[in-house]
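Let me begin by presenting the structure, written as structure tokens, before commenting on it.
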Amino acid sequence: MHLAIVGFGNQAKAWAMNLRDSSFPVKIALRKNSNSLSQVVTSKLDHLEIGSEDFYQSSFVALLIPDEEHDHFLKVHAPHFKSNTSIIYAHGFSLVKNSFFEKYPHLNHILFAPKTIGSELRNQYLQKGQLGAVYSLEHVNFAQNLLSDWIHQLAIALGINLGPYKTTFKNEMQADLFSEQAILCSLIPFVADHIFKKMIDNKIEPELAYLECWHELKLIINAMIEKGPQDFFNLISPNALIGAKKGQDILMNDELKKGLNSLFSDIQNEVFFQEIESRNIQEVRDELKSFWQKSPLQETHQKIKRGM
Ligand SMILES: NC(=O)c1ccc[n+]([C@@H]2O[C@H](COP(=O)([O-])OP(=O)(O)OC[C@H]3O[C@@H](n4cnc5c(N)ncnc54)[C@H](OP(=O)(O)O)[C@@H]3O)[C@@H](O)[C@H]2O)c1
């Protein structure tokens with residue numbers, strides 16, 4: 001039985017190519033006249049048209065389109081799926097926000113969330129690297145055991161080798177949003193940018209500053225993941241050790257902890273849901289694009305990449 005993947009964006013491309021290469025049956029479901037059709041054909045993947053009879057007959061449907069599209073998509077299509085069709089979500093957010101399990105009780109709602117961006121899901125699969133994922137079967141109506149077996153086969157075919165670990169939609173949503181807001185998409189890039197500017201304002205060559213606070217991030221995180229936090233601190237030099245303690249004492253202050261607490265409680269009490277509703281995604285994207293366009297870190301990144 002094939003998995004119909006809806007969309008051919010960031011996650012969908014990686015899922016589709018990993019599954020294709022693992023000989024897991026997969027078809028890509030696209031809107032009529034979708035711009036992605038030629039890429040799907042070039043990638044030697046089978047395709048379906050969303051809304052066609054074949055599409056509605058699929059037993060497993062992965063909703064790999066933007067979260068804000070899920071509500072409308074299910075309003076239109078959910079009534080046409082047969083009972084016990086399994087809808088797979090790569091993030092818990094839309095189901096928790098819209099209570100889809102109450103609106104569409106004839107469907108199984110399954111969470112399967114690889115813990116990486118799409119490009120790394122593909123890269124790590126090709127390099128046989130480590131890939132983690134979580135899943136939840138809390139909103140399925142029947143055949144828990146069969147669906148659990150299917151999820152584990154899907155995980156292997158996608159290249160998941162950490163887990164998949166069991167969670168709930170709500171926990172995945174909270175953990176995912178909090179890690180993005182608190183460290184992955186905020187503290188790391190914006191603190192790196194600030195430190196980079198500090199260095200070049202103090203006459204440090206941009207190439208050196210780039211290696212210190214951008215490129216070395218990747219290498220040091222590799223060591224942290226490989227060794228674990230405790231052994232990592234045994235690997236670093238005495239200067240780095242004293243510096244790490246000083247940085248911890250000064251930077252991990254009450255203000256930072258207050259900020260982290262506030263981010264988490266806004267997720268928990270769903271204030272963040274309202275913020276998403278009230279923000280214009282394109283405006284935020286443009287604002288950040290313009291921030292990075294003006295950043296000397298971005299300029300140096302481009303120069304170094306061009307010279308490679
Ligand atoms: N970005 C990531 O790496 C990442 C990481 C972890 C989890 N996730 C989760 O994965 C899911 C997909 O996110 P994504 O960032 O991969 O999405 P995305 O790249 O923005 O998805 C774009 C694709 O969705 C299709 N699409 C958009 N609206 C549609 C609609 N109303 N009906 C049918 N197709 C539609 C587009 O179709 P056309 O080709 O026709 O334009 C396009 O192929 C989300 O639940 C997200 O939370 C994403």
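A note on labels: chains of the structure tokens are A, B, ... as shown, every chain counts residues from 1, and ligands are counted from 1 in their shown order.
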Exercise answer, 8 Å around ligand 1 with only C-alpha atoms and all ligand atoms, as a ChimeraX atom specification: /A:6-13,29-37,50,63-67,69-70,72-73,89-94,113-119
Same residues, C-alpha atoms, output as a PDB file, in the first residue's frame:
ATOM      1  CA  VAL A   6       0.689  15.830  -0.367  1.00  0.00           C
ATOM      2  CA  GLY A   7       2.950  18.600  -1.712  1.00  0.00           C
ATOM      3  CA  PHE A   8       6.535  18.650  -2.937  1.00  0.00           C
ATOM      4  CA  GLY A   9       8.147  21.211  -0.620  1.00  0.00           C
ATOM      5  CA  ASN A  10      11.001  21.005   1.895  1.00  0.00           C
ATOM      6  CA  GLN A  11       9.963  17.929   3.899  1.00  0.00           C
ATOM      7  CA  ALA A  12       8.072  16.273   1.055  1.00  0.00           C
ATOM      8  CA  LYS A  13      11.064  16.179  -1.323  1.00  0.00           C
ATOM      9  CA  ALA A  29      -0.193  14.217  -4.648  1.00  0.00           C
ATOM     10  CA  LEU A  30      -0.232  17.646  -6.263  1.00  0.00           C
ATOM     11  CA  ARG A  31      -2.780  20.326  -7.031  1.00  0.00           C
ATOM     12  CA  LYS A  32      -3.965  20.560 -10.621  1.00  0.00           C
ATOM     13  CA  ASN A  33      -1.422  22.654 -12.606  1.00  0.00           C
ATOM     14  CA  SER A  34       1.110  22.523  -9.754  1.00  0.00           C
ATOM     15  CA  ASN A  35       4.488  24.061 -10.591  1.00  0.00           C
ATOM     16  CA  SER A  36       6.121  21.089  -8.855  1.00  0.00           C
ATOM     17  CA  LEU A  37       4.913  18.496 -11.377  1.00  0.00           C
ATOM     18  CA  ILE A  50      -5.327  15.965  -5.333  1.00  0.00           C
ATOM     19  CA  LEU A  63       0.155  16.131   4.868  1.00  0.00           C
ATOM     20  CA  LEU A  64       3.494  17.740   3.978  1.00  0.00           C
ATOM     21  CA  ILE A  65       2.148  21.183   3.110  1.00  0.00           C
ATOM     22  CA  PRO A  66       2.480  24.309   5.312  1.00  0.00           C
ATOM     23  CA  ASP A  67       0.738  23.944   8.692  1.00  0.00           C
ATOM     24  CA  GLU A  69      -2.984  25.140   4.990  1.00  0.00           C
ATOM     25  CA  HIS A  70      -4.017  21.985   6.899  1.00  0.00           C
ATOM     26  CA  HIS A  72      -8.663  24.322   4.791  1.00  0.00           C
ATOM     27  CA  PHE A  73      -7.202  21.224   3.109  1.00  0.00           C
ATOM     28  CA  TYR A  89       1.382  14.928  10.183  1.00  0.00           C
ATOM     29  CA  ALA A  90       5.076  15.906  10.392  1.00  0.00           C
ATOM     30  CA  HIS A  91       4.358  18.356  13.236  1.00  0.00           C
ATOM     31  CA  GLY A  92       1.761  18.315  16.045  1.00  0.00           C
ATOM     32  CA  PHE A  93       0.846  21.997  15.678  1.00  0.00           C
ATOM     33  CA  SER A  94      -2.141  22.012  13.282  1.00  0.00           C
ATOM     34  CA  ALA A 113       7.957  13.912  12.918  1.00  0.00           C
ATOM     35  CA  PRO A 114      11.560  13.585  11.728  1.00  0.00           C
ATOM     36  CA  LYS A 115      13.604  15.969  13.857  1.00  0.00           C
ATOM     37  CA  THR A 116      15.415  17.842  11.126  1.00  0.00           C
ATOM     38  CA  ILE A 117      14.905  20.202   8.234  1.00  0.00           C
ATOM     39  CA  GLY A 118      14.182  18.573   4.889  1.00  0.00           C
ATOM     40  CA  SER A 119      17.602  19.166   3.329  1.00  0.00           C
TER      41      SER A 119
END
Secondary structure check, helix (DSSP H, G or I) residues of stretch 133-175 of chain A, as number ranges by chain: A: 144-158, 169-175
Exercise: A:Met1 partners within 10 Å, only C-alpha atoms, chain neighbours under 5 positions left out, as a ChimeraX atom specification: /A:24-26,58-60
From A:Gln153, A:Asn161, A:Gln298, A:Ser38, residue lying nearest A:Gly129 [only C-alpha atoms]: A:Asn161
Taking only residues of stretch 160-223 of chain A that have an atom at most 12 Å from an atom of stretch 281-294 of chain A, what is each one's shortest atom pair and its distance in Å to one decimal, using only C-alpha atoms, in chain and number order, as CSV?
residue,atom,partner,partner_atom,distance
A:Cys185,CA,A:Leu288,CA,11.6
A:Ser186,CA,A:Leu288,CA,11.4
A:Pro189,CA,A:Trp292,CA,10.1
A:Phe190,CA,A:Trp292,CA,9.8
A:Asp193,CA,A:Trp292,CA,9.0
A:His194,CA,A:Trp292,CA,11.7
A:Lys197,CA,A:Lys294,CA,11.4
Test item, strand (DSSP E) assignment across stretch 67-255 of chain A, answer as a list in words: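 Matching residues for strand (DSSP E) in stretch 67-255 of chain A are Ser86, Ile87, Ile88, Tyr89, Asn108, His109, Ile110, Leu111, Phe112, Ala113, Pro114, Gly132, Ala133, Val134, Tyr135, Ser136, Leu137, Glu138, His139, Leu162, Gly163, Pro164, Tyr165 and Lys166 of chain A.
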Residues within 9 Å of A:Lys44, only C-alpha atoms, excluding chain neighbours under 4 positions, as a list in words: Arg20, Gln39 and Val40 of chain A
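Nearest residue to A:Asn98, choosing from A:His47, A:Lys75, A:Lys27, A:Lys246 and counting only C-alpha atoms: A:Lys75.
Across the structure, atom CA of A:Lys103 and atom CA of A:His139 are spaced 11.9 Å apart.
The shell of residues at most 9 Å from A:Leu121, with only C-alpha atoms counted and near chain neighbours (fewer than 6 positions) removed, consists of Gln11, Ala14, Trp15, Asn18, Pro114, Lys115, Leu131, Leu158, Gly159 and Ile160 of chain A.
Straight-line separation from atom CA of A:Gln248 to atom CA of A:Ser265: 23.7 Å.
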Test item: residues at most 6 Å from A:Leu111, only C-alpha atoms, excluding those fewer than 6 positions along its chain, as a count of residues only: 4
Atom CA of A:Phe169 to atom CA of A:Ser86, straight-line distance in Å: 15.0 Å
Non-local contacts of A:Asn108 (12 Å; only C-alpha atoms; under 2 positions in same chain excluded) as a VMD selection string: chain A and resid 59 to 62 78 81 to 89 95 100 to 106 110 to 111 136 to 144 147
Writer output for current selection, N, CA and C atoms, as a compact mmCIF listing (two decimals), in the first residue's frame:
# COMPACT_ATOMS: atom_id res chain seq x y z
N SER A 59 -4.67 4.85 1.37
CA SER A 59 -4.92 4.50 2.78
C SER A 59 -4.04 5.32 3.72
N PHE A 60 -2.90 5.81 3.19
CA PHE A 60 -1.97 6.61 4.01
C PHE A 60 -1.68 7.91 3.26
N VAL A 61 -1.93 9.03 3.94
CA VAL A 61 -1.75 10.34 3.29
C VAL A 61 -0.90 11.22 4.21
N ALA A 62 0.30 11.61 3.75
CA ALA A 62 1.15 12.48 4.58
C ALA A 62 0.92 13.92 4.18
N ALA A 78 -11.26 15.95 3.66
CA ALA A 78 -11.49 14.89 4.66
C ALA A 78 -12.79 14.11 4.42
N PHE A 81 -12.34 11.00 2.03
CA PHE A 81 -11.49 9.83 2.31
C PHE A 81 -12.33 8.73 2.93
N LYS A 82 -11.95 7.47 2.64
CA LYS A 82 -12.68 6.35 3.25
C LYS A 82 -12.39 6.32 4.75
N SER A 83 -13.27 5.64 5.47
CA SER A 83 -13.07 5.50 6.93
C SER A 83 -11.74 4.83 7.19
N ASN A 84 -11.10 5.30 8.24
CA ASN A 84 -9.81 4.74 8.68
C ASN A 84 -8.64 5.02 7.75
N THR A 85 -8.81 5.97 6.84
CA THR A 85 -7.63 6.48 6.13
C THR A 85 -6.73 7.12 7.18
N SER A 86 -5.43 6.89 7.04
CA SER A 86 -4.50 7.47 8.02
C SER A 86 -3.88 8.75 7.47
N ILE A 87 -4.07 9.84 8.21
CA ILE A 87 -3.44 11.11 7.83
C ILE A 87 -2.19 11.25 8.69
N ILE A 88 -1.06 11.48 8.04
CA ILE A 88 0.21 11.59 8.77
C ILE A 88 0.65 13.05 8.80
N TYR A 89 0.94 13.54 10.00
CA TYR A 89 1.38 14.93 10.18
C TYR A 89 2.86 14.90 10.57
N LEU A 95 -2.91 19.92 14.27
CA LEU A 95 -3.94 19.07 14.87
C LEU A 95 -4.33 19.58 16.26
N PHE A 100 -8.39 18.39 14.99
CA PHE A 100 -8.86 17.61 13.83
C PHE A 100 -9.44 16.25 14.23
N PHE A 101 -8.92 15.67 15.32
CA PHE A 101 -9.41 14.35 15.73
C PHE A 101 -10.88 14.41 16.14
N GLU A 102 -11.35 15.60 16.59
CA GLU A 102 -12.78 15.75 16.91
C GLU A 102 -13.59 16.03 15.64
N LYS A 103 -12.99 16.83 14.74
CA LYS A 103 -13.73 17.20 13.52
C LYS A 103 -13.84 16.03 12.54
N TYR A 104 -12.80 15.19 12.50
CA TYR A 104 -12.77 14.11 11.51
C TYR A 104 -12.51 12.77 12.19
N PRO A 105 -13.50 12.28 12.97
CA PRO A 105 -13.26 11.05 13.75
C PRO A 105 -13.19 9.80 12.87
N HIS A 106 -13.59 9.90 11.58
CA HIS A 106 -13.53 8.70 10.72
C HIS A 106 -12.10 8.44 10.22
N ILE A 110 -2.14 10.43 12.62
CA ILE A 110 -0.85 9.90 13.10
C ILE A 110 0.20 11.00 13.04
N LEU A 111 0.96 11.12 14.12
CA LEU A 111 2.11 12.03 14.08
C LEU A 111 3.34 11.22 13.73
N SER A 136 3.27 9.53 17.25
CA SER A 136 2.15 9.33 18.18
C SER A 136 1.02 8.62 17.46
N LEU A 137 0.45 7.63 18.13
CA LEU A 137 -0.73 6.92 17.61
C LEU A 137 -1.92 7.15 18.54
N GLU A 138 -1.88 8.27 19.30
CA GLU A 138 -2.94 8.49 20.29
C GLU A 138 -4.30 8.76 19.64
N HIS A 139 -4.30 9.25 18.39
CA HIS A 139 -5.58 9.57 17.74
C HIS A 139 -5.88 8.61 16.59
N VAL A 140 -5.64 7.30 16.79
CA VAL A 140 -6.03 6.34 15.76
C VAL A 140 -7.17 5.49 16.31
N ASN A 141 -8.05 5.08 15.39
CA ASN A 141 -9.27 4.40 15.80
C ASN A 141 -9.11 2.90 15.87
N PHE A 142 -8.21 2.37 15.06
CA PHE A 142 -8.19 0.91 14.96
C PHE A 142 -6.79 0.41 14.61
N ALA A 143 -6.57 -0.86 14.76
CA ALA A 143 -5.35 -1.54 14.33
C ALA A 143 -4.08 -0.82 14.79
N GLN A 144 -4.05 -0.48 16.07
CA GLN A 144 -2.87 0.18 16.64
C GLN A 144 -1.59 -0.58 16.29
N LEU A 147 -0.65 -0.34 12.61
CA LEU A 147 -0.17 1.01 12.29
C LEU A 147 1.20 1.26 12.93
Which residue of A:Ser43, A:Gln57, A:Thr300, A:Ser295 approaches A:Ala16 most closely, using only C-alpha atoms: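 Checking each candidate against A:Ala16, we get A:Ser43 as the closest.
The shortest atom-to-atom distance to A:Glu270, with only C-alpha atoms taken into account, belongs to A:Lys170 out of A:His109, A:Lys170, A:His80, A:His152.
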